[in-house]
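A short write-up of the structure that comes next.
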Amino acid sequence: MLRVRCLRGGSRGAEAAHYIGSRIRGAFTGWVQRTFQSTQAAAASQNTCAADDKATSPVPKDCLVCSYNEWDPLEEVIVGRAENACVPPFSVEVKANTYEKYWGFYQKFGGQSFPKDHLKKAIAEIEEMCNILKGEGVIVKRPDPIDWSVKYKTPDFESTGMYAAMPRDILLVVGNEIIEAPMAWRARFFEYRAYRRLIKDYFNSGAKWTTAPKPTMADELYDQNYPIHSVEDRHKLAAQGKFVTTEFEPCFDAADFIRAGRDIFVQRSQVTNYMGIEWMRRHLAPDYRVHIISFKDPNPMHIDATFNIIGPGLVLSNPDRPCHQIELFKKAGWTVIQPPVPLIPDDHPLWMSSKWLSMNVLMLDEKRVMVDANETSIQKMFEKLGISTIKVNIRHANSLGGGFHCWTCDIRRRGTLQSYLD
């Protein structure tokens, strides 16, 4: 149950109101989860989409936006920017998503630039990554540079910004539609501004443009008393279905969704709640089916370093975070591959992520993958699968919270809408 702290000096009536409100929110959370699960079960029992599989996409002929999965041949992509990246203020939702050894870093530098020398190296790495993508025949677009240190204030909170480094976190392309995610961190409230020029261009080319309901990010969206003193506490709470985000209003990061044609998979996480998942399910129905999947370690804020689909019926599944529904994929004939242990050294700063960014790869097509130049073990794994590796070093860029999949958002892949789960 959501814990609510009453203000000192409040009346018993106020305390009761807080208590009743928390009980209602708890009941609503359960209702959303039960409703979604029952709807999902009903959809799974009816093979309703199979008859439509042969249909091609209803995308306008000259639309620049069209992508249905993570592996069709990549033609155009947005790559993020590290310029002006700032450390987010150390708020309750940031604490719930970061490792305790870095909490002092956030407390000291929140609202300021990431270390300048490190940032300079990250910028150079991403520029080289863009050059390599262009050399592979991919059109590369970039968001606008913005001063993220500017403080802003809404009726509900104050914050500074963070960056436009991870377009996968905020943008989800489904067919010819670009969906702007509402996000869950206050430091990311205005992140969409860096992408608006690009999105308007895509809209003018015929793309659909949807902005999910913008959350207020009021205090009620977060369990202000989320009782974490260590990462181990957080793991236990997340395993019990207790997260720092409540069901006060819909919220989600786009990177908690991963696409496989008509089937889209999502996790409930510290940044994506059941209301956000339900909004996406209703918005994408009936053409797409949104499935909740869960993991032994549900704490990571995004799905793509835990469960990364790299081809039709081919998925990388993190051995440290096994999927509870893995039999669903095996019964459908999918090949489940456990990637090797990452090689990134312990002393390398990973302020917002884990070493498993090694599996956060970008497929250029079914036979080409962009992978960390330092991760020789996973390179060998791909080569055994018959997939050529395009080796790029983004080790300093990793420190900002993402690998190749995070740093990109594929705008156009050459392919059609199909089902891969039936």
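Going through the structure tokens in order, the chains are called A, B, and so on, while each chain numbers its residues from 1 and the ligands are numbered from 1 in the order shown.
Neighbours of Ile258 in chain A closer than or equal to 10 Å, with only C-alpha atoms counted and sequence neighbours fewer than 2 positions away skipped, come out as Asn69, Glu70, Leu172, Ala254, Ala255, Asp256, Ala260, Gly261, Asp263, Ile264, Phe265, Val266, Gln267, Val290, His302, Ile303, Asp304, Phe307, Asn308 and Ile309 of chain A.
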Any chance you could export the current selection's all heavy atoms as a compact mmCIF listing (two decimals), in the first residue's frame?
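Output (again35.txt):
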# COMPACT_ATOMS: atom_id res chain seq x y z
N ASN A 69 9.52 -3.23 -36.13
CA ASN A 69 10.25 -4.13 -35.25
C ASN A 69 11.67 -3.61 -35.04
O ASN A 69 11.99 -2.48 -35.45
CB ASN A 69 10.26 -5.56 -35.83
CG ASN A 69 10.82 -5.61 -37.23
OD1 ASN A 69 11.89 -5.06 -37.52
ND2 ASN A 69 10.09 -6.26 -38.15
N GLU A 70 12.52 -4.44 -34.43
CA GLU A 70 13.87 -4.01 -34.06
C GLU A 70 14.95 -4.48 -35.04
O GLU A 70 16.14 -4.28 -34.77
CB GLU A 70 14.21 -4.54 -32.65
CG GLU A 70 13.14 -4.30 -31.59
CD GLU A 70 12.97 -2.84 -31.21
OE1 GLU A 70 13.92 -2.06 -31.42
OE2 GLU A 70 11.88 -2.48 -30.70
N LEU A 172 8.68 6.42 -29.39
CA LEU A 172 8.38 5.05 -29.83
C LEU A 172 7.72 5.14 -31.20
O LEU A 172 6.69 5.80 -31.37
CB LEU A 172 7.44 4.35 -28.85
CG LEU A 172 7.07 2.90 -29.19
CD1 LEU A 172 8.30 2.00 -29.11
CD2 LEU A 172 5.97 2.39 -28.27
N ALA A 254 9.33 5.29 -23.20
CA ALA A 254 9.18 4.49 -24.41
C ALA A 254 10.11 3.28 -24.41
O ALA A 254 9.80 2.25 -25.01
CB ALA A 254 9.44 5.35 -25.64
N ALA A 255 11.25 3.38 -23.73
CA ALA A 255 12.23 2.30 -23.74
C ALA A 255 11.82 1.11 -22.89
O ALA A 255 12.56 0.12 -22.83
CB ALA A 255 13.59 2.82 -23.27
N ASP A 256 10.67 1.18 -22.24
CA ASP A 256 10.14 0.00 -21.54
C ASP A 256 9.29 -0.86 -22.48
O ASP A 256 8.76 -1.89 -22.06
CB ASP A 256 9.32 0.42 -20.32
CG ASP A 256 10.14 0.38 -19.05
OD1 ASP A 256 11.09 -0.42 -18.98
OD2 ASP A 256 9.83 1.15 -18.11
N ALA A 260 7.82 -6.33 -31.76
CA ALA A 260 7.98 -7.48 -32.66
C ALA A 260 6.73 -7.56 -33.53
O ALA A 260 5.86 -8.41 -33.34
CB ALA A 260 8.17 -8.76 -31.87
N GLY A 261 6.59 -6.63 -34.46
CA GLY A 261 5.42 -6.60 -35.33
C GLY A 261 4.16 -6.28 -34.56
O GLY A 261 4.07 -5.28 -33.85
N ASP A 263 3.02 -7.66 -32.03
CA ASP A 263 3.14 -7.88 -30.58
C ASP A 263 4.20 -6.95 -30.01
O ASP A 263 5.34 -6.89 -30.50
CB ASP A 263 3.49 -9.34 -30.30
CG ASP A 263 2.36 -10.26 -30.70
OD1 ASP A 263 1.34 -10.29 -29.98
OD2 ASP A 263 2.46 -10.93 -31.76
N ILE A 264 3.81 -6.22 -28.98
CA ILE A 264 4.70 -5.28 -28.30
C ILE A 264 4.77 -5.69 -26.84
O ILE A 264 3.74 -5.92 -26.19
CB ILE A 264 4.20 -3.83 -28.46
CG1 ILE A 264 4.19 -3.45 -29.95
CG2 ILE A 264 5.06 -2.87 -27.66
CD1 ILE A 264 3.57 -2.10 -30.23
N PHE A 265 5.99 -5.78 -26.31
CA PHE A 265 6.20 -6.27 -24.95
C PHE A 265 6.66 -5.12 -24.06
O PHE A 265 7.42 -4.25 -24.48
CB PHE A 265 7.23 -7.40 -24.96
CG PHE A 265 6.83 -8.54 -25.86
CD1 PHE A 265 7.30 -8.60 -27.16
CD2 PHE A 265 5.94 -9.51 -25.43
CE1 PHE A 265 6.91 -9.63 -28.02
CE2 PHE A 265 5.54 -10.54 -26.28
CZ PHE A 265 6.03 -10.60 -27.57
N VAL A 266 6.18 -5.15 -22.82
CA VAL A 266 6.44 -4.05 -21.90
C VAL A 266 6.62 -4.60 -20.50
O VAL A 266 6.07 -5.65 -20.15
CB VAL A 266 5.29 -3.02 -21.93
CG1 VAL A 266 3.97 -3.65 -21.50
CG2 VAL A 266 5.59 -1.80 -21.05
N GLN A 267 7.39 -3.89 -19.68
CA GLN A 267 7.52 -4.23 -18.27
C GLN A 267 6.99 -3.10 -17.40
O GLN A 267 7.09 -1.93 -17.75
CB GLN A 267 8.97 -4.52 -17.91
CG GLN A 267 9.89 -3.30 -17.99
CD GLN A 267 11.27 -3.55 -17.42
OE1 GLN A 267 11.57 -4.63 -16.91
NE2 GLN A 267 12.14 -2.55 -17.50
N VAL A 290 -0.41 -5.54 -26.78
CA VAL A 290 0.60 -5.16 -25.79
C VAL A 290 0.60 -6.20 -24.67
O VAL A 290 -0.42 -6.45 -24.05
CB VAL A 290 0.33 -3.76 -25.23
CG1 VAL A 290 1.34 -3.41 -24.14
CG2 VAL A 290 0.38 -2.71 -26.34
N HIS A 302 14.50 0.28 -17.80
CA HIS A 302 14.12 0.05 -19.18
C HIS A 302 14.36 -1.41 -19.55
O HIS A 302 15.23 -2.07 -18.99
CB HIS A 302 14.90 0.98 -20.12
CG HIS A 302 14.57 2.43 -19.91
ND1 HIS A 302 15.50 3.44 -20.05
CD2 HIS A 302 13.41 3.04 -19.58
CE1 HIS A 302 14.92 4.61 -19.81
NE2 HIS A 302 13.65 4.38 -19.53
N ILE A 303 13.61 -1.88 -20.55
CA ILE A 303 13.59 -3.31 -20.85
C ILE A 303 14.75 -3.77 -21.74
O ILE A 303 15.10 -4.95 -21.75
CB ILE A 303 12.24 -3.68 -21.52
CG1 ILE A 303 11.97 -5.19 -21.42
CG2 ILE A 303 12.19 -3.20 -22.96
CD1 ILE A 303 10.57 -5.58 -21.85
N ASP A 304 15.39 -2.86 -22.47
CA ASP A 304 16.27 -3.30 -23.56
C ASP A 304 17.68 -3.72 -23.16
O ASP A 304 18.50 -4.04 -24.03
CB ASP A 304 16.32 -2.24 -24.68
CG ASP A 304 16.62 -0.84 -24.17
OD1 ASP A 304 16.84 -0.68 -22.96
OD2 ASP A 304 16.62 0.10 -24.99
N PHE A 307 15.82 -7.67 -22.05
CA PHE A 307 15.12 -8.49 -23.03
C PHE A 307 15.16 -7.73 -24.35
O PHE A 307 14.41 -6.79 -24.56
CB PHE A 307 13.68 -8.71 -22.56
CG PHE A 307 12.95 -9.84 -23.23
CD1 PHE A 307 13.14 -11.15 -22.81
CD2 PHE A 307 12.06 -9.59 -24.26
CE1 PHE A 307 12.45 -12.19 -23.41
CE2 PHE A 307 11.36 -10.63 -24.86
CZ PHE A 307 11.56 -11.94 -24.43
N ASN A 308 16.08 -8.11 -25.24
CA ASN A 308 16.30 -7.36 -26.47
C ASN A 308 16.04 -8.27 -27.67
O ASN A 308 16.79 -9.21 -27.93
CB ASN A 308 17.73 -6.82 -26.50
CG ASN A 308 17.90 -5.71 -27.53
OD1 ASN A 308 16.98 -5.36 -28.26
ND2 ASN A 308 19.10 -5.15 -27.59
N ILE A 309 14.96 -8.00 -28.40
CA ILE A 309 14.59 -8.82 -29.56
C ILE A 309 15.45 -8.38 -30.75
O ILE A 309 15.43 -7.22 -31.14
CB ILE A 309 13.09 -8.66 -29.87
CG1 ILE A 309 12.26 -9.03 -28.64
CG2 ILE A 309 12.70 -9.56 -31.05
CD1 ILE A 309 10.77 -8.72 -28.78
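Comparing A:Asn374, A:Ser358, A:Asn225, A:Gln379 by their smallest distance to Cys406 in chain A, the closest is A:Ser358 (using only C-alpha atoms).
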Residue contacts of Cys63 in chain A (9 Å, only C-alpha atoms) excluding same-chain residues fewer than 2 positions away, as a PDB file with N, CA, C and O atoms, in the first residue's frame:
ATOM      1  N   VAL A  59       0.838   2.613 -44.629  1.00  0.00           N
ATOM      2  CA  VAL A  59       1.647   3.809 -44.492  1.00  0.00           C
ATOM      3  C   VAL A  59       1.623   4.594 -45.799  1.00  0.00           C
ATOM      4  O   VAL A  59       1.764   4.007 -46.873  1.00  0.00           O
ATOM      5  N   PRO A  60       1.436   5.926 -45.747  1.00  0.00           N
ATOM      6  CA  PRO A  60       1.475   6.731 -46.968  1.00  0.00           C
ATOM      7  C   PRO A  60       2.756   6.487 -47.755  1.00  0.00           C
ATOM      8  O   PRO A  60       3.826   6.277 -47.181  1.00  0.00           O
ATOM      9  N   LYS A  61       2.666   6.532 -49.069  1.00  0.00           N
ATOM     10  CA  LYS A  61       3.754   6.107 -49.941  1.00  0.00           C
ATOM     11  C   LYS A  61       5.047   6.877 -49.691  1.00  0.00           C
ATOM     12  O   LYS A  61       6.135   6.317 -49.665  1.00  0.00           O
ATOM     13  N   VAL A  65       8.395   7.893 -42.113  1.00  0.00           N
ATOM     14  CA  VAL A  65       8.346   7.114 -40.876  1.00  0.00           C
ATOM     15  C   VAL A  65       7.669   5.778 -41.132  1.00  0.00           C
ATOM     16  O   VAL A  65       6.531   5.718 -41.577  1.00  0.00           O
ATOM     17  N   CYS A  66       8.354   4.692 -40.844  1.00  0.00           N
ATOM     18  CA  CYS A  66       7.759   3.361 -40.955  1.00  0.00           C
ATOM     19  C   CYS A  66       8.685   2.342 -40.294  1.00  0.00           C
ATOM     20  O   CYS A  66       9.765   2.043 -40.819  1.00  0.00           O
ATOM     21  N   ASN A 176       3.714   3.966 -38.899  1.00  0.00           N
ATOM     22  CA  ASN A 176       4.026   5.330 -39.327  1.00  0.00           C
ATOM     23  C   ASN A 176       3.681   6.356 -38.246  1.00  0.00           C
ATOM     24  O   ASN A 176       3.540   7.539 -38.525  1.00  0.00           O
ATOM     25  N   TYR A 202       8.684  15.104 -39.791  1.00  0.00           N
ATOM     26  CA  TYR A 202       8.114  13.781 -40.076  1.00  0.00           C
ATOM     27  C   TYR A 202       6.597  13.858 -40.216  1.00  0.00           C
ATOM     28  O   TYR A 202       6.007  13.195 -41.072  1.00  0.00           O
ATOM     29  N   PHE A 203       5.975  14.694 -39.407  1.00  0.00           N
ATOM     30  CA  PHE A 203       4.526  14.880 -39.504  1.00  0.00           C
ATOM     31  C   PHE A 203       4.144  15.450 -40.866  1.00  0.00           C
ATOM     32  O   PHE A 203       3.189  15.009 -41.505  1.00  0.00           O
ATOM     33  N   ASN A 204       4.926  16.421 -41.318  1.00  0.00           N
ATOM     34  CA  ASN A 204       4.656  17.035 -42.613  1.00  0.00           C
ATOM     35  C   ASN A 204       4.879  16.062 -43.772  1.00  0.00           C
ATOM     36  O   ASN A 204       4.362  16.275 -44.876  1.00  0.00           O
ATOM     37  N   SER A 205       5.640  14.997 -43.511  1.00  0.00           N
ATOM     38  CA  SER A 205       5.859  13.983 -44.551  1.00  0.00           C
ATOM     39  C   SER A 205       4.749  12.939 -44.577  1.00  0.00           C
ATOM     40  O   SER A 205       4.754  12.057 -45.439  1.00  0.00           O
ATOM     41  N   GLY A 206       3.815  13.014 -43.620  1.00  0.00           N
ATOM     42  CA  GLY A 206       2.683  12.094 -43.602  1.00  0.00           C
ATOM     43  C   GLY A 206       2.603  11.204 -42.372  1.00  0.00           C
ATOM     44  O   GLY A 206       1.672  10.408 -42.238  1.00  0.00           O
ATOM     45  N   ALA A 207       3.559  11.324 -41.458  1.00  0.00           N
ATOM     46  CA  ALA A 207       3.550  10.492 -40.254  1.00  0.00           C
ATOM     47  C   ALA A 207       2.442  10.907 -39.296  1.00  0.00           C
ATOM     48  O   ALA A 207       2.022  12.067 -39.275  1.00  0.00           O
TER      49      ALA A 207
END
List as number ranges by chain the protein and nucleic acid residues near Glu375 in chain A, meaning an atom at most 10 Å away when only C-alpha atoms are counted, but skip any in the same chain fewer than 6 places from it. A: 340-344, 358-359, 391-393
Go ahead and write the residues just picked, N, CA and C atoms, as a PDB file, in the first residue's frame.
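Done, and the output landed in selection27.pdb:
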ATOM      1  N   PRO A 340      26.748 -13.391 -23.101  1.00  0.00           N
ATOM      2  CA  PRO A 340      27.817 -13.612 -22.126  1.00  0.00           C
ATOM      3  C   PRO A 340      27.926 -12.478 -21.113  1.00  0.00           C
ATOM      4  N   VAL A 341      28.624 -12.759 -20.031  1.00  0.00           N
ATOM      5  CA  VAL A 341      28.833 -11.757 -18.976  1.00  0.00           C
ATOM      6  C   VAL A 341      29.578 -10.557 -19.566  1.00  0.00           C
ATOM      7  N   PRO A 342      29.140  -9.333 -19.262  1.00  0.00           N
ATOM      8  CA  PRO A 342      29.801  -8.140 -19.819  1.00  0.00           C
ATOM      9  C   PRO A 342      31.254  -8.039 -19.357  1.00  0.00           C
ATOM     10  N   LEU A 343      32.077  -7.379 -20.168  1.00  0.00           N
ATOM     11  CA  LEU A 343      33.496  -7.232 -19.870  1.00  0.00           C
ATOM     12  C   LEU A 343      33.858  -5.853 -19.332  1.00  0.00           C
ATOM     13  N   ILE A 344      32.916  -4.960 -19.224  1.00  0.00           N
ATOM     14  CA  ILE A 344      33.190  -3.598 -18.765  1.00  0.00           C
ATOM     15  C   ILE A 344      33.784  -3.628 -17.353  1.00  0.00           C
ATOM     16  N   SER A 358      26.044  -4.118 -22.516  1.00  0.00           N
ATOM     17  CA  SER A 358      26.702  -4.914 -23.564  1.00  0.00           C
ATOM     18  C   SER A 358      25.693  -5.560 -24.505  1.00  0.00           C
ATOM     19  N   MET A 359      24.476  -5.875 -23.999  1.00  0.00           N
ATOM     20  CA  MET A 359      23.449  -6.492 -24.845  1.00  0.00           C
ATOM     21  C   MET A 359      22.471  -5.467 -25.410  1.00  0.00           C
ATOM     22  N   LYS A 391      31.731  -2.772 -35.004  1.00  0.00           N
ATOM     23  CA  LYS A 391      32.306  -2.488 -33.686  1.00  0.00           C
ATOM     24  C   LYS A 391      32.519  -0.990 -33.504  1.00  0.00           C
ATOM     25  N   VAL A 392      31.940  -0.448 -32.435  1.00  0.00           N
ATOM     26  CA  VAL A 392      32.039   0.979 -32.133  1.00  0.00           C
ATOM     27  C   VAL A 392      32.289   1.131 -30.639  1.00  0.00           C
ATOM     28  N   ASN A 393      33.163   2.039 -30.279  1.00  0.00           N
ATOM     29  CA  ASN A 393      33.436   2.295 -28.869  1.00  0.00           C
ATOM     30  C   ASN A 393      32.612   3.483 -28.380  1.00  0.00           C
TER      31      ASN A 393
END
Interatomic distance, CA of Val92 in chain A to CA of Pro182 in chain A (Å, one decimal): 17.9 Å
Which of A:Ile293, A:Leu133, A:Met301, A:Met352 sits closest to Gln325 in chain A [using only C-alpha atoms]: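 Ranked by minimum distance to Gln325 in chain A, first place goes to A:Ile293.
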Shell around Leu221 in chain A at 9 Å using only C-alpha atoms, local window under 4 positions removed, as JSON, numbers by chain: {"A": [184, 215, 216, 217, 244, 245, 246, 247, 248, 249, 250, 251]}
Would you mind telling me which residue in A:Trp334, A:Trp356, A:Phe243, A:Trp71 lies nearest to Arg368 in chain A when using only C-alpha atoms?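 Smallest separation from Arg368 in chain A among the options: A:Trp71.
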Based on the backbone DSSP call, show me all residues of range 59-263 of chain A assigned strand (DSSP E), as a VMD selection string. chain A and resid 74 to 79 139 to 141 152 to 153 158 to 159 171 to 174 177 to 180 208 to 211 257 to 260 263
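In this model, the gap between CA of Ser159 in chain A and CA of Ala187 in chain A comes to 5.8 Å.
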Point out the residue among A:Asp62, A:Asp253, A:Asp287, A:Asp365 with the least atom-to-atom distance to Gly137 in chain A, counting only C-alpha atoms.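 Answer, going by the shortest atom-to-atom distance: A:Asp365.
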